[in-house]
Amino acid sequence: MEVHHARAFLAVAEELHFGRAARRVNLTQSALSRLVQGLERTLGAALFDRTTRKVALTPAGEALVPVAEDLVHDSERAGEAVRGAVAGETGRVRLGFASASAIRPVARLAREVQSRAPGLRLELESAHFSPQGLERVLEAELDLCLGRWDYVPPAVDALVLAQERLVVALPPGHRLWGAATVALADLAEDRWITIPGGPASALGARLPALAQAAGFVPRIVQQAPDSWSQVVLVDAGVGLALTVDSVREN
């Protein structure tokens with residue numbers, strides 16, 4: 001049974017009048033009668049008892065009503081699902097994010113999605129750094145990723161969401177504690193804590209590049225697993241860290 005057969009059958013079943021049912025489904029009465037007769041031939045059973053005075057459902061017709069309703073409802077839900085997916089209102093979006101500083105924008109984004117497109121399922125994946133996130137976007141394992149990159153391949157669409165400032169995290173009691181600005185050359189003899197990522201990481205690559213421009217090689221004493229741990233180690237006096245102001249705000 002096709003959907004248009006089901007709609008025609010239900011119109012007659014509910015109206016019990018071919019003329020009214022035909023107007024309801026925008027068909028001529030003869031076209032509607034042919035649809036119903038074709039459905040009866042396909043099913044091998046009469047669906048209506050017809051007389052000059054009335055139309056009534058047969059037992060076979062009564063049994064078909066819930067089946068036809070389910071078919072029409074499924075068709076409508078399929079159309080709604082497709083329209084919602086095309087409009088970006090339903091479906092699944094896999095979002096990756098890197099570092100502690102991304103938690104607030106990700107939370108804001110999740111709230112916006114819930115408010116504006118409650119049918120859209122946002123799947124969040126963390127615990128990886130920007131280079132790995134970009135690789136997963138390229139491999140179609142993620143749809144989006146929030147992170148920092150100095151270079152984005154042409155195959156990836158990129159949008160700048162925010163601008164950040166580099167800051168130096170100093171432990172309490174450091175000789176430059178409280179200074180409004182700090183020259184990196186003044187920190188040439190200090191110890192440093194870094195985060196993973198290496199040259200492919202926009203933030204991880206900053207310290208070696210800036211230190212080289214300032215005329216020294218940073219003395220790295222420890223690598224922290226993430227920005228939060230990095231700041232904790234700074235507070236413990238293990239060393240300094242080059243980070244961004246959004247990490248400080250978190």
# chains A, B, ... in the order shown; residues from 1 in each chain; ligands from 1
>>> residues_around(residues="Ala8 of chain A", least_positions_apart="2", cutoff="10 Å", atoms="only C-alpha atoms", output="list in words")
Val3, His4, His5, Ala6, Leu10, Ala11, Val12, Ala13, Phe18, Ala21, Ala22, Arg24, Val25, Asn26, Leu27, Ala31, Leu32, Ser33, Leu35, Val36, Leu39 and Ala68 of chain A
>>> residues_around(residues="Ala56 of chain A", least_positions_apart="2", cutoff="12 Å", atoms="only C-alpha atoms", output="count of residues only")
21
>>> residues_around(residues="Leu184 of chain A", least_positions_apart="3", cutoff="10 Å", atoms="only C-alpha atoms", output="JSON, numbers by chain")
{"A": [168, 181, 187, 188, 207, 210, 211, 213, 214, 215, 216, 242]}
>>> select_by_dssp(residues="segment 65-195 of chain A", states="strand (DSSP E or B)", output="list in words")
Gly91, Arg92, Val93, Arg94, Leu95, Gly96, Phe97, Leu120, Arg121, Leu122, Glu123, Leu124, Glu125, Leu144, Cys145, Leu146, Leu166, Val167, Val168, Ala169, Arg191, Trp192, Ile193 and Thr194 of chain A
>>> select_by_dssp(residues="segment 16-248 of chain A", states="alpha helix (DSSP H)", output="ChimeraX atom specification")
/A:18-24,29-43,59-86,103-116,130-138,206-214,227-235,245-248
>>> closest_residue(among="A:Arg148, A:Val137, A:Glu40, A:Ser115", to="Ala205 of chain A", atoms="only C-alpha atoms")
A:Arg148
>>> residues_around(residues="Leu122 of chain A", least_positions_apart="6", cutoff="10 Å", atoms="only C-alpha atoms", output="list in words")
Thr90, Gly91, Arg92, Val93, Arg94, Leu95, Leu109, Ala110, Val113 and Gln114 of chain A
>>> write_last_selection(atoms="N, CA and C atoms", output="mmCIF file, in the first residue's frame")
data_model
loop_
_atom_site.group_PDB
_atom_site.id
_atom_site.type_symbol
_atom_site.label_atom_id
_atom_site.label_comp_id
_atom_site.auth_asym_id
_atom_site.auth_seq_id
_atom_site.Cartn_x
_atom_site.Cartn_y
_atom_site.Cartn_z
ATOM 1 N N THR A 90 17.657 19.340 13.115
ATOM 2 C CA THR A 90 17.722 18.003 13.684
ATOM 3 C C THR A 90 18.995 17.328 13.200
ATOM 4 N N GLY A 91 19.283 16.164 13.766
ATOM 5 C CA GLY A 91 20.478 15.439 13.372
ATOM 6 C C GLY A 91 21.509 15.438 14.479
ATOM 7 N N ARG A 92 22.744 15.182 14.099
ATOM 8 C CA ARG A 92 23.824 15.064 15.068
ATOM 9 C C ARG A 92 25.003 15.906 14.614
ATOM 10 N N VAL A 93 25.594 16.629 15.545
ATOM 11 C CA VAL A 93 26.804 17.401 15.283
ATOM 12 C C VAL A 93 27.855 16.982 16.302
ATOM 13 N N ARG A 94 28.995 16.525 15.809
ATOM 14 C CA ARG A 94 30.090 16.100 16.688
ATOM 15 C C ARG A 94 31.078 17.257 16.818
ATOM 16 N N LEU A 95 31.166 17.790 18.031
ATOM 17 C CA LEU A 95 32.003 18.955 18.289
ATOM 18 C C LEU A 95 33.163 18.579 19.189
ATOM 19 N N LEU A 109 27.633 27.559 23.531
ATOM 20 C CA LEU A 109 27.144 26.977 22.290
ATOM 21 C C LEU A 109 26.105 25.898 22.566
ATOM 22 N N ALA A 110 26.363 25.063 23.554
ATOM 23 C CA ALA A 110 25.416 23.995 23.900
ATOM 24 C C ALA A 110 24.081 24.582 24.347
ATOM 25 N N VAL A 113 22.233 25.863 21.229
ATOM 26 C CA VAL A 113 21.675 24.750 20.450
ATOM 27 C C VAL A 113 20.409 24.232 21.112
ATOM 28 N N GLN A 114 20.444 24.066 22.424
ATOM 29 C CA GLN A 114 19.272 23.566 23.151
ATOM 30 C C GLN A 114 18.104 24.526 23.021
#
>>> atom_distance(atom1="atom CA of Gly19 of chain A", atom2="atom CA of Gly38 of chain A")
17.9 Å
>>> atom_distance(atom1="atom CA of Ala155 of chain A", atom2="atom CA of Ala202 of chain A")
18.9 Å
